[in-house]
file query_36.cif (mmCIF, C-alpha atoms; chains and numbers go by the auth columns)
data_entry
loop_
_atom_site.group_PDB
_atom_site.id
_atom_site.type_symbol
_atom_site.label_atom_id
_atom_site.label_comp_id
_atom_site.label_asym_id
_atom_site.label_seq_id
_atom_site.Cartn_x
_atom_site.Cartn_y
_atom_site.Cartn_z
_atom_site.B_iso_or_equiv
_atom_site.auth_seq_id
_atom_site.auth_asym_id
ATOM 1 C CA ILE A 1 80.655 44.212 -141.043 0.00 1 A
ATOM 2 C CA GLY A 2 78.090 45.554 -138.591 0.00 2 A
ATOM 3 C CA ARG A 3 75.500 43.791 -136.530 0.00 3 A
ATOM 4 C CA ARG A 4 74.113 40.527 -137.830 0.00 4 A
ATOM 5 C CA GLY A 5 70.687 38.940 -137.990 0.00 5 A
ATOM 6 C CA ARG A 6 70.033 35.210 -138.104 0.00 6 A
ATOM 7 C CA ILE A 7 66.784 33.458 -138.977 0.00 7 A
ATOM 8 C CA TRP A 8 66.142 29.779 -138.344 0.00 8 A
ATOM 9 C CA HIS A 9 62.936 28.138 -139.601 0.00 9 A
ATOM 10 C CA GLY A 10 61.200 24.992 -138.436 0.00 10 A
ATOM 11 C CA ALA A 11 57.761 23.476 -138.994 0.00 11 A
ATOM 12 C CA VAL A 12 55.749 21.134 -136.800 0.00 12 A
ATOM 13 C CA PRO A 13 52.261 19.625 -137.034 0.00 13 A
ATOM 14 C CA THR A 14 49.758 22.053 -135.460 0.00 14 A
ATOM 15 C CA THR A 15 48.904 19.418 -132.859 0.00 15 A
ATOM 16 C CA LYS A 16 52.468 19.749 -131.534 0.00 16 A
ATOM 17 C CA GLY A 17 52.618 23.540 -131.944 0.00 17 A
ATOM 18 C CA PRO A 18 51.740 24.623 -128.395 0.00 18 A
ATOM 19 C CA GLU A 19 54.234 22.238 -126.798 0.00 19 A
ATOM 20 C CA TYR A 20 56.952 23.218 -129.259 0.00 20 A
ATOM 21 C CA LEU A 21 56.329 26.912 -128.583 0.00 21 A
ATOM 22 C CA GLU A 22 56.781 26.216 -124.887 0.00 22 A
ATOM 23 C CA ARG A 23 60.138 24.534 -125.615 0.00 23 A
ATOM 24 C CA MET A 24 61.208 27.551 -127.670 0.00 24 A
ATOM 25 C CA ARG A 25 60.264 29.893 -124.816 0.00 25 A
ATOM 26 C CA LYS A 26 61.820 27.845 -122.023 0.00 26 A
ATOM 27 C CA VAL A 27 64.905 26.373 -123.736 0.00 27 A
ATOM 28 C CA ALA A 28 65.861 28.038 -127.013 0.00 28 A
ATOM 29 C CA LEU A 29 65.232 31.718 -126.228 0.00 29 A
ATOM 30 C CA PRO A 30 67.157 31.633 -122.920 0.00 30 A
ATOM 31 C CA ASP A 31 69.977 29.738 -124.677 0.00 31 A
ATOM 32 C CA TYR A 32 70.275 32.375 -127.404 0.00 32 A
ATOM 33 C CA LYS A 33 70.148 35.207 -124.882 0.00 33 A
ATOM 34 C CA SER A 34 72.835 33.625 -122.691 0.00 34 A
ATOM 35 C CA ILE A 35 75.489 33.985 -125.414 0.00 35 A
ATOM 36 C CA ALA A 36 77.848 36.968 -125.199 0.00 36 A
ATOM 37 C CA GLY A 37 77.134 39.202 -128.176 0.00 37 A
ATOM 38 C CA ASN A 38 73.449 38.292 -128.526 0.00 38 A
ATOM 39 C CA ARG A 39 71.366 41.460 -128.936 0.00 39 A
ATOM 40 C CA GLY A 40 67.902 39.944 -128.974 0.00 40 A
ATOM 41 C CA ALA A 41 66.003 36.741 -129.654 0.00 41 A
ATOM 42 C CA TYR A 42 62.402 36.400 -130.776 0.00 42 A
ATOM 43 C CA CYS A 43 60.189 33.428 -131.616 0.00 43 A
ATOM 44 C CA LEU A 44 57.773 34.076 -134.482 0.00 44 A
ATOM 45 C CA GLN A 45 54.917 31.650 -135.136 0.00 45 A
ATOM 46 C CA ARG A 46 52.313 31.314 -137.865 0.00 46 A
ATOM 47 C CA VAL A 47 49.869 28.534 -138.721 0.00 47 A
ATOM 48 C CA GLU A 48 49.156 27.479 -142.281 0.00 48 A
ATOM 49 C CA GLY A 49 46.638 24.671 -142.485 0.00 49 A
ATOM 50 C CA ASP A 50 47.883 21.797 -140.356 0.00 50 A
ATOM 51 C CA ILE A 51 51.460 23.116 -140.091 0.00 51 A
ATOM 52 C CA ALA A 52 52.778 25.500 -137.426 0.00 52 A
ATOM 53 C CA HIS A 53 55.822 27.436 -138.655 0.00 53 A
ATOM 54 C CA PHE A 54 58.405 28.811 -136.253 0.00 54 A
ATOM 55 C CA ASP A 55 61.057 31.380 -137.108 0.00 55 A
ATOM 56 C CA MET A 56 63.717 32.235 -134.567 0.00 56 A
ATOM 57 C CA LEU A 57 64.853 35.785 -135.272 0.00 57 A
ATOM 58 C CA THR A 58 68.068 36.664 -133.451 0.00 58 A
ATOM 59 C CA PHE A 59 70.412 39.630 -133.493 0.00 59 A
ATOM 60 C CA TRP A 60 74.150 39.517 -132.857 0.00 60 A
ATOM 61 C CA ASP A 61 77.102 41.865 -132.493 0.00 61 A
ATOM 62 C CA ASP A 62 79.060 40.031 -135.191 0.00 62 A
ATOM 63 C CA VAL A 63 79.823 36.649 -136.762 0.00 63 A
ATOM 64 C CA GLU A 64 82.079 35.719 -133.846 0.00 64 A
ATOM 65 C CA ALA A 65 79.096 36.013 -131.493 0.00 65 A
ATOM 66 C CA ILE A 66 77.050 33.742 -133.773 0.00 66 A
ATOM 67 C CA LYS A 67 79.895 31.212 -133.737 0.00 67 A
ATOM 68 C CA ARG A 68 79.778 31.160 -129.929 0.00 68 A
ATOM 69 C CA PHE A 69 76.187 29.985 -130.284 0.00 69 A
ATOM 70 C CA ALA A 70 76.255 27.815 -133.404 0.00 70 A
ATOM 71 C CA GLY A 71 79.879 26.723 -133.766 0.00 71 A
ATOM 72 C CA ASN A 72 82.448 27.557 -136.417 0.00 72 A
ATOM 73 C CA ASP A 73 80.209 26.342 -139.255 0.00 73 A
ATOM 74 C CA TYR A 74 77.655 28.979 -138.265 0.00 74 A
ATOM 75 C CA GLN A 75 75.677 28.723 -141.532 0.00 75 A
ATOM 76 C CA VAL A 76 74.495 25.272 -140.440 0.00 76 A
ATOM 77 C CA ALA A 77 71.345 25.103 -138.333 0.00 77 A
ATOM 78 C CA LYS A 78 71.736 24.227 -134.649 0.00 78 A
ATOM 79 C CA TYR A 79 69.210 21.764 -133.246 0.00 79 A
ATOM 80 C CA TYR A 80 68.230 20.771 -129.737 0.00 80 A
ATOM 81 C CA GLU A 81 67.792 17.170 -128.647 0.00 81 A
ATOM 82 C CA PHE A 82 63.993 17.508 -128.519 0.00 82 A
ATOM 83 C CA ASP A 83 63.705 18.918 -132.075 0.00 83 A
ATOM 84 C CA ARG A 84 63.662 15.512 -133.761 0.00 84 A
ATOM 85 C CA SER A 85 60.435 14.554 -131.987 0.00 85 A
ATOM 86 C CA PHE A 86 58.650 17.708 -133.187 0.00 86 A
ATOM 87 C CA LEU A 87 59.985 18.980 -136.502 0.00 87 A
ATOM 88 C CA ILE A 88 58.706 17.743 -139.846 0.00 88 A
ATOM 89 C CA GLU A 89 62.150 18.331 -141.383 0.00 89 A
ATOM 90 C CA LEU A 90 65.555 19.331 -140.024 0.00 90 A
ATOM 91 C CA GLU A 91 66.430 22.132 -142.420 0.00 91 A
ATOM 92 C CA PRO A 92 70.212 22.129 -142.884 0.00 92 A
ATOM 93 C CA TYR A 93 70.903 25.864 -143.025 0.00 93 A
ATOM 94 C CA VAL A 94 69.829 29.181 -141.546 0.00 94 A
ATOM 95 C CA ARG A 95 69.792 32.626 -143.170 0.00 95 A
ATOM 96 C CA HIS A 96 72.104 35.463 -142.128 0.00 96 A
ATOM 97 C CA TYR A 97 71.719 39.180 -142.737 0.00 97 A
ATOM 98 C CA THR A 98 73.585 42.394 -142.081 0.00 98 A
ATOM 99 C CA VAL A 99 71.398 44.627 -139.901 0.00 99 A
ATOM 100 C CA TYR A 100 71.032 48.298 -140.752 0.00 100 A
ATOM 101 C CA ASP A 101 69.129 50.974 -138.881 0.00 101 A
ATOM 102 C CA ALA A 102 68.793 54.748 -138.948 0.00 102 A
#

call {"tool": "encode", "arguments": {"input": "query_36.cif", "output": "structure tokens"}}
result
Amino acid sequence: IGRRGRIWHGAVPTTKGPEYLERMRKVALPDYKSIAGNRGAYCLQRVEGDIAHFDMLTFWDDVEAIKRFAGNDYQVAKYYEFDRSFLIELEPYVRHYTVYDA
């Protein structure tokens, strides 16, 4: 299988959105990018009412690279210590895709 994409989703109250975004930029993105086999990491944010949604879109060489980041059970979401004080819910799983291009 070719390159892989991984999307994690989290939601926080909008009042905590700016601080959470800063954590994503200073902690999560550098962590993703430090893993051998990572081919890009992006933090997407949207606000709906009083909820700020975050999607971490990452690209990887293969499943083995994802496992270096997330562990052997790579379908399970990985959380940071600070997440519990921000997130409305700790979603158990992430989504994985095969990446195709021209």

call {"tool": "resolve_selection", "arguments": {"input": "query_36.cif", "expression": "the PyMOL selection byres ((chain A and resi 3) around 8)", "output": "list in words"}}
result
Ile1, Gly2, Arg4, Gly5, Phe59, Trp60, Asp61, Asp62, Thr98, Val99 and Tyr100 of chain A

call {"tool": "resolve_selection", "arguments": {"input": "query_36.cif", "expression": "the PyMOL selection byres ((chain A and resi 40) around 6)", "output": "JSON, numbers by chain"}}
result
{"A": [38, 39, 41, 58, 59]}

call {"tool": "closest_residue", "arguments": {"input": "query_36.cif", "among": "A:Cys43, A:His96, A:Ile88, A:Leu57", "to": "Val76 (chain A)", "atoms": "only C-alpha atoms"}}
result
A:His96

call {"tool": "residues_around", "arguments": {"input": "query_36.cif", "residues": "Tyr42 (chain A)", "least_positions_apart": "3", "cutoff": "12 Å", "atoms": "all atoms listed in the file", "output": "PyMOL selection string"}}
result
chain A and resi 5-8+21+24-25+28-33+38-39+45+54-59

call {"tool": "residues_around", "arguments": {"input": "query_36.cif", "residues": "Ala52 (chain A)", "least_positions_apart": "3", "cutoff": "9 Å", "atoms": "all atoms listed in the file", "output": "ChimeraX atom specification"}}
result
/A:10-17,45-49

call {"tool": "atom_distance", "arguments": {"input": "query_36.cif", "atom1": "CA of Phe86 (chain A)", "atom2": "CA of Tyr20 (chain A)"}}
result
7.0 Å

call {"tool": "resolve_selection", "arguments": {"input": "query_36.cif", "expression": "the PyMOL selection byres ((chain A and resi 69) around 9)", "output": "PyMOL selection string"}}
result
chain A and resi 31-32+35-36+38+64-68+70-71+74+78

call {"tool": "atom_distance", "arguments": {"input": "query_36.cif", "atom1": "CA of Ile51 (chain A)", "atom2": "CA of Gln75 (chain A)"}}
result
24.9 Å

call {"tool": "atom_distance", "arguments": {"input": "query_36.cif", "atom1": "CA of Pro18 (chain A)", "atom2": "CA of Ala77 (chain A)"}}
result
22.0 Å

call {"tool": "axis_aligned_box", "arguments": {"input": "query_36.cif", "around": "region 50-56 of chain A", "padding_each_side": "4 Å", "output": "lines of an AutoDock Vina configuration file"}}
result
center_x = 55.8
center_y = 27.0
center_z = -137.5
size_x = 23.8
size_y = 18.4
size_z = 13.8
